[in-house]
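One file, final.cif, is given below (mmCIF, C-alpha atoms).
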data_data
#
loop_
_atom_site.label_atom_id
_atom_site.label_comp_id
_atom_site.auth_asym_id
_atom_site.auth_seq_id
_atom_site.Cartn_x
_atom_site.Cartn_y
_atom_site.Cartn_z
CA MET A 254 194.23 -33.51 -35.04
CA SER A 255 194.94 -31.06 -32.24
CA SER A 256 196.21 -27.65 -33.29
CA GLY A 257 196.50 -24.13 -31.90
CA SER A 258 195.00 -23.56 -28.49
CA PHE A 259 193.47 -26.19 -26.21
CA LYS A 260 190.43 -25.90 -23.95
CA GLY A 261 190.28 -26.76 -20.28
CA TYR A 262 188.40 -26.14 -17.05
CA ALA A 263 190.51 -23.68 -15.07
CA VAL A 264 190.39 -22.36 -11.53
CA THR A 265 191.13 -18.65 -11.70
CA SER A 266 191.65 -17.88 -8.00
CA SER A 267 191.70 -19.61 -4.62
CA SER A 268 188.30 -18.13 -3.76
CA ALA A 269 186.81 -19.59 -6.95
CA TRP A 270 188.26 -23.11 -6.50
CA ALA A 271 184.80 -24.70 -6.62
CA SER A 272 183.75 -22.89 -9.82
CA PRO A 273 186.12 -23.80 -12.66
CA THR A 274 185.74 -21.87 -15.92
CA LEU A 275 186.20 -23.19 -19.44
CA ILE A 276 189.14 -21.35 -21.00
CA ASP A 277 191.34 -21.45 -24.07
CA PHE A 278 195.03 -21.90 -23.34
CA GLU A 279 198.24 -22.18 -25.33
CA PRO A 280 200.17 -25.42 -24.75
CA VAL A 281 203.94 -25.58 -24.83
CA PRO A 282 205.20 -25.35 -28.45
CA PHE A 283 205.09 -28.74 -30.18
CA GLY A 284 208.47 -30.49 -30.26
CA ASN A 285 209.95 -33.35 -32.23
CA HIS A 286 209.61 -35.72 -29.26
CA ASP A 287 206.14 -34.59 -28.23
CA ILE A 288 202.82 -36.42 -28.33
CA ASP A 289 199.35 -34.85 -28.31
CA VAL A 290 196.71 -36.92 -26.52
CA LYS A 291 192.98 -36.39 -26.95
CA ILE A 292 191.73 -36.86 -23.40
CA ASP A 293 188.95 -39.34 -22.68
CA TYR A 294 189.35 -39.78 -18.93
CA CYS A 295 191.02 -37.92 -16.07
CA GLY A 296 190.89 -39.09 -12.47
CA VAL A 297 190.55 -36.84 -9.44
CA CYS A 298 193.42 -36.59 -6.96
CA ALA A 299 193.44 -34.80 -3.62
CA SER A 300 196.33 -32.68 -4.86
CA ASP A 301 194.02 -31.26 -7.56
CA LEU A 302 191.87 -29.77 -4.83
CA LEU A 303 194.83 -28.64 -2.76
CA THR A 304 196.37 -26.90 -5.77
CA ALA A 305 193.07 -25.24 -6.72
CA ARG A 306 192.66 -23.87 -3.21
CA ALA A 307 196.30 -23.16 -2.32
CA GLY A 308 196.64 -19.59 -3.54
CA THR A 309 199.76 -17.99 -2.00
CA GLY A 310 201.39 -21.15 -0.67
CA ASN A 311 201.25 -19.88 2.92
CA ASP A 312 199.50 -23.05 4.07
CA GLY A 313 202.46 -25.28 3.21
CA TRP A 314 201.26 -26.21 -0.27
CA PRO A 315 203.16 -24.78 -3.27
CA GLU A 316 201.94 -21.46 -4.60
CA THR A 317 199.35 -21.80 -7.35
CA MET A 318 199.89 -19.97 -10.63
CA TYR A 319 196.37 -19.05 -11.74
CA PRO A 320 194.63 -19.82 -13.98
CA VAL A 321 195.36 -23.50 -13.31
CA VAL A 322 193.93 -26.55 -15.09
CA THR A 323 194.51 -29.49 -12.76
CA GLY A 324 194.27 -33.25 -13.32
CA HIS A 325 197.20 -35.68 -13.67
CA GLU A 326 195.54 -39.06 -14.09
CA ILE A 327 195.06 -38.78 -17.83
CA VAL A 328 194.05 -41.41 -20.36
CA GLY A 329 193.22 -40.79 -24.00
CA LYS A 330 194.24 -41.48 -27.58
CA ILE A 331 197.24 -40.23 -29.54
CA VAL A 332 196.28 -37.73 -32.24
CA ARG A 333 199.67 -36.23 -33.13
CA MET A 334 203.30 -37.29 -32.84
CA GLY A 335 206.56 -35.43 -33.37
CA GLU A 336 209.01 -36.51 -36.04
CA GLN A 337 211.38 -38.16 -33.55
CA VAL A 338 208.77 -40.01 -31.49
CA ASP A 339 209.49 -43.75 -31.30
CA LYS A 340 207.09 -45.16 -33.92
CA SER A 341 207.84 -48.72 -32.78
CA LYS A 342 206.24 -47.88 -29.43
CA PHE A 343 203.54 -45.36 -30.34
CA HIS A 344 200.98 -44.90 -33.11
CA GLU A 345 198.05 -42.57 -33.75
CA GLY A 346 194.83 -43.76 -32.16
CA GLN A 347 196.70 -45.68 -29.45
CA VAL A 348 195.32 -45.52 -25.91
CA VAL A 349 197.94 -44.01 -23.60
CA GLY A 350 198.26 -42.43 -20.19
CA VAL A 351 200.03 -39.38 -18.72
CA GLY A 352 200.74 -39.01 -15.01
CA VAL A 353 202.19 -36.29 -12.82
CA LEU A 354 205.09 -35.33 -15.11
CA SER A 355 205.08 -33.75 -18.57
CA ALA A 356 208.82 -33.27 -19.16
CA THR A 357 212.26 -33.71 -17.61
CA CYS A 358 215.73 -32.68 -18.74
CA GLY A 359 216.51 -36.22 -19.87
CA SER A 360 220.25 -35.78 -19.38
CA CYS A 361 221.02 -35.51 -15.67
CA ARG A 362 222.24 -38.52 -13.68
CA LEU A 363 218.76 -39.03 -12.24
CA CYS A 364 217.07 -39.08 -15.63
CA GLN A 365 219.79 -41.37 -16.94
CA SER A 366 219.23 -43.84 -14.09
CA ASP A 367 215.43 -44.13 -14.48
CA ARG A 368 214.79 -41.76 -11.57
CA GLU A 369 213.46 -38.91 -13.67
CA ASN A 370 210.81 -38.15 -11.06
CA TYR A 371 213.66 -36.59 -9.03
CA CYS A 372 215.00 -34.50 -11.94
CA PRO A 373 215.77 -30.96 -10.66
CA ASP A 374 214.38 -29.52 -13.89
CA LEU A 375 211.20 -31.58 -14.16
CA VAL A 376 207.96 -30.06 -15.38
CA GLU A 377 204.86 -31.24 -13.58
CA THR A 378 201.67 -31.90 -15.51
CA TYR A 379 200.07 -28.75 -14.14
CA ASN A 380 200.99 -25.62 -12.18
CA SER A 381 204.52 -25.78 -13.51
CA LYS A 382 206.66 -23.96 -16.10
CA TYR A 383 208.69 -25.23 -19.03
CA PRO A 384 212.19 -23.82 -19.63
CA ASP A 385 210.79 -21.45 -22.28
CA GLY A 386 208.33 -20.01 -19.76
CA SER A 387 205.26 -21.85 -21.09
CA MET A 388 202.79 -22.98 -18.44
CA SER A 389 201.79 -26.62 -18.04
CA PHE A 390 198.08 -27.41 -17.97
CA GLY A 391 196.51 -30.64 -16.75
CA GLY A 392 193.98 -33.22 -17.74
CA TYR A 393 190.66 -31.46 -17.22
CA ALA A 394 191.02 -30.38 -20.81
CA ASN A 395 190.42 -31.64 -24.32
CA TYR A 396 194.08 -32.35 -25.11
CA LYS A 397 197.39 -32.91 -23.34
CA ARG A 398 200.84 -32.32 -24.88
CA CYS A 399 203.66 -34.33 -23.36
CA HIS A 400 207.18 -35.58 -24.08
CA GLN A 401 207.11 -39.17 -25.29
CA ASP A 402 209.19 -40.38 -22.32
CA LEU A 403 206.31 -39.49 -19.99
CA VAL A 404 203.58 -41.12 -22.11
CA PHE A 405 202.65 -44.71 -21.24
CA PRO A 406 200.85 -47.24 -23.45
CA ILE A 407 197.73 -48.67 -21.76
CA PRO A 408 197.27 -52.43 -22.28
CA LYS A 409 194.16 -53.35 -24.24
CA ALA A 410 193.03 -55.67 -21.44
CA LEU A 411 192.84 -52.74 -19.00
CA PRO A 412 189.75 -50.52 -19.32
CA PRO A 413 190.98 -46.94 -19.79
CA GLU A 414 188.67 -45.56 -17.12
CA HIS A 415 190.26 -47.99 -14.64
CA ALA A 416 193.78 -47.13 -15.78
CA ALA A 417 193.43 -43.39 -15.12
CA PRO A 418 193.75 -43.41 -11.30
CA MET A 419 196.67 -45.83 -11.52
CA LEU A 420 198.74 -43.00 -13.03
CA CYS A 421 198.95 -41.28 -9.64
CA ALA A 422 197.44 -43.31 -6.80
CA GLY A 423 198.57 -46.57 -8.37
CA LEU A 424 202.14 -45.45 -9.03
CA THR A 425 202.40 -43.92 -5.56
CA VAL A 426 202.07 -47.34 -3.92
CA PHE A 427 203.67 -49.40 -6.69
CA SER A 428 206.95 -47.52 -6.30
CA PRO A 429 207.70 -48.67 -2.72
CA LEU A 430 206.46 -52.18 -3.54
CA LYS A 431 208.93 -52.40 -6.40
CA ALA A 432 211.76 -50.75 -4.45
CA ALA A 433 211.31 -53.26 -1.62
CA GLY A 434 211.41 -56.22 -4.01
CA VAL A 435 207.95 -57.41 -3.04
CA GLY A 436 207.10 -60.89 -4.28
CA PRO A 437 206.41 -64.41 -3.01
CA GLY A 438 207.48 -64.86 0.60
CA LYS A 439 207.23 -61.15 1.46
CA ARG A 440 204.80 -60.00 4.14
CA VAL A 441 203.19 -56.64 3.40
CA GLY A 442 201.00 -54.54 5.67
CA VAL A 443 198.83 -51.79 4.17
CA VAL A 444 197.57 -49.05 6.49
CA GLY A 445 194.30 -47.64 5.17
CA VAL A 446 192.14 -49.17 2.44
CA GLY A 447 191.14 -46.08 0.46
CA GLY A 448 192.19 -44.55 -2.83
CA LEU A 449 195.86 -45.43 -2.33
CA GLY A 450 195.48 -48.41 -0.03
CA HIS A 451 193.22 -50.50 -2.22
CA PHE A 452 195.81 -50.31 -5.02
CA ALA A 453 198.53 -51.38 -2.58
CA VAL A 454 196.46 -54.43 -1.60
CA LEU A 455 195.72 -55.31 -5.22
CA PHE A 456 199.29 -54.87 -6.44
CA ALA A 457 201.03 -56.58 -3.51
CA SER A 458 198.66 -59.53 -3.78
CA ALA A 459 199.23 -59.77 -7.55
CA MET A 460 203.00 -59.73 -6.92
CA GLY A 461 202.62 -62.82 -4.74
CA ALA A 462 203.04 -61.29 -1.30
CA GLU A 463 201.14 -62.16 1.86
CA VAL A 464 199.03 -59.03 2.41
CA THR A 465 197.40 -57.73 5.58
CA ALA A 466 195.19 -54.67 5.61
CA ILE A 467 195.31 -52.43 8.70
CA SER A 468 192.37 -50.16 9.51
CA HIS A 469 190.76 -48.43 12.48
CA SER A 470 187.49 -50.31 11.92
CA PRO A 471 186.34 -53.61 10.35
CA ARG A 472 184.15 -51.80 7.81
CA LYS A 473 186.40 -52.53 4.82
CA LYS A 474 187.43 -56.06 5.75
CA ALA A 475 185.26 -57.74 3.11
CA ASP A 476 186.54 -55.41 0.39
CA ALA A 477 190.17 -55.94 1.40
CA THR A 478 189.70 -59.71 1.43
CA GLU A 479 188.11 -59.61 -2.04
CA MET A 480 191.11 -57.63 -3.30
CA GLY A 481 193.57 -60.23 -2.03
CA ALA A 482 194.32 -59.47 1.63
CA THR A 483 194.66 -62.61 3.74
CA GLY A 484 194.79 -60.75 7.03
CA PHE A 485 193.04 -57.75 8.59
CA ILE A 486 194.06 -55.84 11.72
CA VAL A 487 191.57 -53.52 13.41
CA THR A 488 193.47 -50.98 15.49
CA ALA A 489 190.42 -49.84 17.47
CA ASP A 490 189.55 -53.33 18.68
CA ARG A 491 192.12 -53.66 21.45
CA GLU A 492 194.86 -51.63 23.08
CA ASP A 493 197.53 -54.27 22.48
CA TRP A 494 196.96 -54.66 18.72
CA ALA A 495 200.56 -53.72 17.98
CA GLU A 496 202.05 -56.07 20.57
CA GLN A 497 199.86 -58.91 19.29
CA ASN A 498 201.21 -58.43 15.75
CA LYS A 499 204.81 -57.59 16.55
CA ASN A 500 207.46 -58.39 13.88
CA SER A 501 204.79 -59.42 11.37
CA PHE A 502 205.85 -57.51 8.24
CA ASP A 503 208.77 -57.00 5.90
CA LEU A 504 207.15 -53.86 4.49
CA ILE A 505 204.41 -51.54 5.70
CA ILE A 506 202.88 -48.99 3.32
CA SER A 507 200.99 -46.34 5.23
CA THR A 508 198.50 -44.53 3.01
CA THR A 509 197.14 -42.39 5.85
CA PHE A 510 198.75 -39.87 8.15
CA ALA A 511 197.66 -37.74 11.09
CA ASN A 512 199.54 -35.75 13.71
CA ASP A 513 198.34 -38.16 16.41
CA MET A 514 199.21 -41.31 14.46
CA PRO A 515 200.89 -43.76 16.91
CA LEU A 516 203.93 -44.29 14.72
CA ASP A 517 205.78 -46.21 17.44
CA LYS A 518 203.07 -48.88 17.41
CA TYR A 519 203.15 -49.27 13.64
CA LEU A 520 206.93 -49.63 13.71
CA GLN A 521 206.55 -52.49 16.18
CA LEU A 522 204.80 -54.41 13.42
CA LEU A 523 207.99 -54.49 11.31
CA ASP A 524 210.32 -57.45 11.40
CA VAL A 525 214.04 -56.86 11.87
CA GLY A 526 215.27 -55.07 8.73
CA GLY A 527 211.73 -54.23 7.68
CA GLN A 528 210.78 -51.04 5.85
CA PHE A 529 208.08 -48.44 6.51
CA ALA A 530 206.89 -46.36 3.55
CA LEU A 531 204.73 -43.34 4.39
CA VAL A 532 202.86 -42.23 1.27
CA GLY A 533 199.81 -40.65 2.89
CA LEU A 534 199.56 -36.88 2.54
CA GLY A 535 199.47 -35.06 5.86
CA ARG A 536 198.24 -31.52 6.43
#

structure tokens encoding of this file:
Amino acid sequence: MSSGSFKGYAVTSSSAWASPTLIDFEPVPFGNHDIDVKIDYCGVCASDLLTARAGTGNDGWPETMYPVVTGHEIVGKIVRMGEQVDKSKFHEGQVVGVGVLSATCGSCRLCQSDRENYCPDLVETYNSKYPDGSMSFGGYANYKRCHQDLVFPIPKALPPEHAAPMLCAGLTVFSPLKAAGVGPGKRVGVVGVGGLGHFAVLFASAMGAEVTAISHSPRKKADATEMGATGFIVTADREDWAEQNKNSFDLIISTTFANDMPLDKYLQLLDVGGQFALVGLGR
């Protein structure tokens, strides 16, 4: 049973981002709808590094409130539940996950329409403040306290260590797939086959779509094919790669971004009425 303070690996300043220190920290006071999770796994996201290094926010990334315990791809087991937690959904010892959010207001029109990730009063899993002024601390810790609405049961068939990165990278690409109504008969292009892109290929294929991976080199073609892609476009092979594949997709998910990205060529790949979702993080 978790009680009192928690322990986590914290970055104490931007200059010390590569040398986290084990600290004791006070979680937000336990509420009737809260769940404490004993953490077994926490994935690594690029935003963890960016937050650890950000400092003043002058580089375009939000200001970091040190000390910060990052990590928002959390999987572990329930060790404590508030009195009003839904006992038909949760039980002690259950394997669950926590993603990028720890709390929302629950009452605004966005929360009430299942768009709580846009809540103006949301509390992120780390580097964020609760209404009472308590700091949020992430998953590189022994425990995580979270409102039950942001805790997700992990199916027994899914290994918990595989589930962890789905709570950020996986959800990032699943959201546009779901919003676009991807399923049988849909043609999906995935730009980049990395941390985000491989989930997009896996999910779109599992949803029944015809999936094509798009990369600057053929190096990941075998991997993409194994994950369900039936097509593979190499953009460095020929100058007319866009013209040759014009109007080929109903949806393109771009998991990469660069200032010199030839966006006009990628948009040529869309069919009339097609959608382009840019989820790659640019700097």

Point-to-point distance from CA of Gln528 (chain A) to CA of Ser468 (chain A), Å rounded to tenths: 18.8 Å

Evaluate the PyMOL selection byres ((chain A and resi 399-405) around 6) and record the selected residues as a VMD selection string, following the chain and residue labels used in the document. chain A and resid 286 to 288 349 to 351 355 to 356 398 406

Generate a file of the selected residues that holds C-alpha atoms, formatted as a short mmCIF file (atom, residue, chain, number, x, y, z; two decimals), keeping the file's coordinate frame.
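Final file, part-v6.cif:
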data_model
loop_
_atom_site.label_atom_id
_atom_site.label_comp_id
_atom_site.auth_asym_id
_atom_site.auth_seq_id
_atom_site.Cartn_x
_atom_site.Cartn_y
_atom_site.Cartn_z
CA HIS A 286 209.61 -35.72 -29.26
CA ASP A 287 206.14 -34.59 -28.23
CA ILE A 288 202.82 -36.42 -28.33
CA VAL A 349 197.94 -44.01 -23.60
CA GLY A 350 198.26 -42.43 -20.19
CA VAL A 351 200.03 -39.38 -18.72
CA SER A 355 205.08 -33.75 -18.57
CA ALA A 356 208.82 -33.27 -19.16
CA ARG A 398 200.84 -32.32 -24.88
CA PRO A 406 200.85 -47.24 -23.45
#

Give me, as a PyMOL selection string, all polymer residues having an atom no more than 9 Å from Tyr319 (chain A), counting all atoms listed in the file and skipping those fewer than 4 positions away in the same chain. chain A and resi 263-267+305+308+380

Neighbours of Gly391 (chain A) within 12 Å (all atoms listed in the file; same-chain residues fewer than 3 positions away dropped), as JSON, numbers by chain? {"A": [259, 260, 261, 262, 263, 264, 278, 280, 290, 292, 294, 295, 296, 297, 298, 301, 304, 305, 320, 321, 322, 323, 324, 325, 326, 327, 328, 351, 352, 353, 354, 355, 376, 377, 378, 379, 380, 381, 388, 394, 395, 396, 397, 398, 399]}

Keeping only C-alpha atoms, write the selected residues as a JSON list (two decimals), keeping the file's coordinate frame.
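In the end it all went to selection_18.json:
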[["chain", "number", "residue", "atom", "x", "y", "z"],
["A", 259, "PHE", "CA", 193.47, -26.19, -26.21],
["A", 260, "LYS", "CA", 190.43, -25.90, -23.95],
["A", 261, "GLY", "CA", 190.28, -26.76, -20.28],
["A", 262, "TYR", "CA", 188.40, -26.14, -17.05],
["A", 263, "ALA", "CA", 190.51, -23.68, -15.07],
["A", 264, "VAL", "CA", 190.39, -22.36, -11.53],
["A", 278, "PHE", "CA", 195.03, -21.90, -23.34],
["A", 280, "PRO", "CA", 200.17, -25.42, -24.75],
["A", 290, "VAL", "CA", 196.71, -36.92, -26.52],
["A", 292, "ILE", "CA", 191.73, -36.86, -23.40],
["A", 294, "TYR", "CA", 189.35, -39.78, -18.93],
["A", 295, "CYS", "CA", 191.02, -37.92, -16.07],
["A", 296, "GLY", "CA", 190.89, -39.09, -12.47],
["A", 297, "VAL", "CA", 190.55, -36.84, -9.44],
["A", 298, "CYS", "CA", 193.42, -36.59, -6.96],
["A", 301, "ASP", "CA", 194.02, -31.26, -7.56],
["A", 304, "THR", "CA", 196.37, -26.90, -5.77],
["A", 305, "ALA", "CA", 193.07, -25.24, -6.72],
["A", 320, "PRO", "CA", 194.63, -19.82, -13.98],
["A", 321, "VAL", "CA", 195.36, -23.50, -13.31],
["A", 322, "VAL", "CA", 193.93, -26.55, -15.09],
["A", 323, "THR", "CA", 194.51, -29.49, -12.76],
["A", 324, "GLY", "CA", 194.27, -33.25, -13.32],
["A", 325, "HIS", "CA", 197.20, -35.68, -13.67],
["A", 326, "GLU", "CA", 195.54, -39.06, -14.09],
["A", 327, "ILE", "CA", 195.06, -38.78, -17.83],
["A", 328, "VAL", "CA", 194.05, -41.41, -20.36],
["A", 351, "VAL", "CA", 200.03, -39.38, -18.72],
["A", 352, "GLY", "CA", 200.74, -39.01, -15.01],
["A", 353, "VAL", "CA", 202.19, -36.29, -12.82],
["A", 354, "LEU", "CA", 205.09, -35.33, -15.11],
["A", 355, "SER", "CA", 205.08, -33.75, -18.57],
["A", 376, "VAL", "CA", 207.96, -30.06, -15.38],
["A", 377, "GLU", "CA", 204.86, -31.24, -13.58],
["A", 378, "THR", "CA", 201.67, -31.90, -15.51],
["A", 379, "TYR", "CA", 200.07, -28.75, -14.14],
["A", 380, "ASN", "CA", 200.99, -25.62, -12.18],
["A", 381, "SER", "CA", 204.52, -25.78, -13.51],
["A", 388, "MET", "CA", 202.79, -22.98, -18.44],
["A", 394, "ALA", "CA", 191.02, -30.38, -20.81],
["A", 395, "ASN", "CA", 190.42, -31.64, -24.32],
["A", 396, "TYR", "CA", 194.08, -32.35, -25.11],
["A", 397, "LYS", "CA", 197.39, -32.91, -23.34],
["A", 398, "ARG", "CA", 200.84, -32.32, -24.88],
["A", 399, "CYS", "CA", 203.66, -34.33, -23.36]]

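Closest approach to Lys330 (chain A) from the set A:Leu275, A:Pro413, A:Arg306, A:Ser389 is made by A:Pro413, with distances taken over all atoms listed in the file.
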
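With CA of Gln497 (chain A) on one side and CA of Gln521 (chain A) on the other, the separation reads 9.8 Å.
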
Given the PyMOL selection byres ((chain A and resi 452-455) around 9), the residues it picks as an mmCIF file with C-alpha atoms, in the coordinates of the input:
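Printed below is expr.cif as written:
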data_model
loop_
_atom_site.group_PDB
_atom_site.id
_atom_site.type_symbol
_atom_site.label_atom_id
_atom_site.label_comp_id
_atom_site.auth_asym_id
_atom_site.auth_seq_id
_atom_site.Cartn_x
_atom_site.Cartn_y
_atom_site.Cartn_z
ATOM 1 C CA MET A 419 196.670 -45.830 -11.520
ATOM 2 C CA ALA A 422 197.440 -43.310 -6.800
ATOM 3 C CA GLY A 423 198.570 -46.570 -8.370
ATOM 4 C CA LEU A 424 202.140 -45.450 -9.030
ATOM 5 C CA THR A 425 202.400 -43.920 -5.560
ATOM 6 C CA VAL A 426 202.070 -47.340 -3.920
ATOM 7 C CA PHE A 427 203.670 -49.400 -6.690
ATOM 8 C CA LEU A 430 206.460 -52.180 -3.540
ATOM 9 C CA VAL A 441 203.190 -56.640 3.400
ATOM 10 C CA GLY A 442 201.000 -54.540 5.670
ATOM 11 C CA VAL A 443 198.830 -51.790 4.170
ATOM 12 C CA VAL A 446 192.140 -49.170 2.440
ATOM 13 C CA GLY A 447 191.140 -46.080 0.460
ATOM 14 C CA GLY A 448 192.190 -44.550 -2.830
ATOM 15 C CA LEU A 449 195.860 -45.430 -2.330
ATOM 16 C CA GLY A 450 195.480 -48.410 -0.030
ATOM 17 C CA HIS A 451 193.220 -50.500 -2.220
ATOM 18 C CA PHE A 456 199.290 -54.870 -6.440
ATOM 19 C CA ALA A 457 201.030 -56.580 -3.510
ATOM 20 C CA SER A 458 198.660 -59.530 -3.780
ATOM 21 C CA ALA A 459 199.230 -59.770 -7.550
ATOM 22 C CA MET A 460 203.000 -59.730 -6.920
ATOM 23 C CA VAL A 464 199.030 -59.030 2.410
ATOM 24 C CA THR A 465 197.400 -57.730 5.580
ATOM 25 C CA ALA A 466 195.190 -54.670 5.610
ATOM 26 C CA ALA A 477 190.170 -55.940 1.400
ATOM 27 C CA MET A 480 191.110 -57.630 -3.300
ATOM 28 C CA GLY A 481 193.570 -60.230 -2.030
ATOM 29 C CA ALA A 482 194.320 -59.470 1.630
ATOM 30 C CA ILE A 506 202.880 -48.990 3.320
ATOM 31 C CA THR A 508 198.500 -44.530 3.010
#

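Among the candidates A:Leu302, A:Val338, A:Ala417, A:Cys361, the one nearest to Ser272 (chain A) when counting only C-alpha atoms is A:Leu302.
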
Just so the selection is clear, what residues does the PyMOL selection byres ((chain A and resi 534) around 9) cover here, as a short mmCIF file (atom, residue, chain, number, x, y, z; two decimals) with C-alpha atoms, keeping the file's coordinate frame?
data_model
loop_
_atom_site.label_atom_id
_atom_site.label_comp_id
_atom_site.auth_asym_id
_atom_site.auth_seq_id
_atom_site.Cartn_x
_atom_site.Cartn_y
_atom_site.Cartn_z
CA ALA A 299 193.44 -34.80 -3.62
CA THR A 508 198.50 -44.53 3.01
CA THR A 509 197.14 -42.39 5.85
CA PHE A 510 198.75 -39.87 8.15
CA ALA A 511 197.66 -37.74 11.09
CA LEU A 531 204.73 -43.34 4.39
CA VAL A 532 202.86 -42.23 1.27
CA GLY A 533 199.81 -40.65 2.89
CA GLY A 535 199.47 -35.06 5.86
CA ARG A 536 198.24 -31.52 6.43
#

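With distances restricted to all atoms listed in the file, A:Ser258 is the closest residue to Asp277 (chain A) from A:Asn512, A:Asn500, A:Ser366, A:Ser258.
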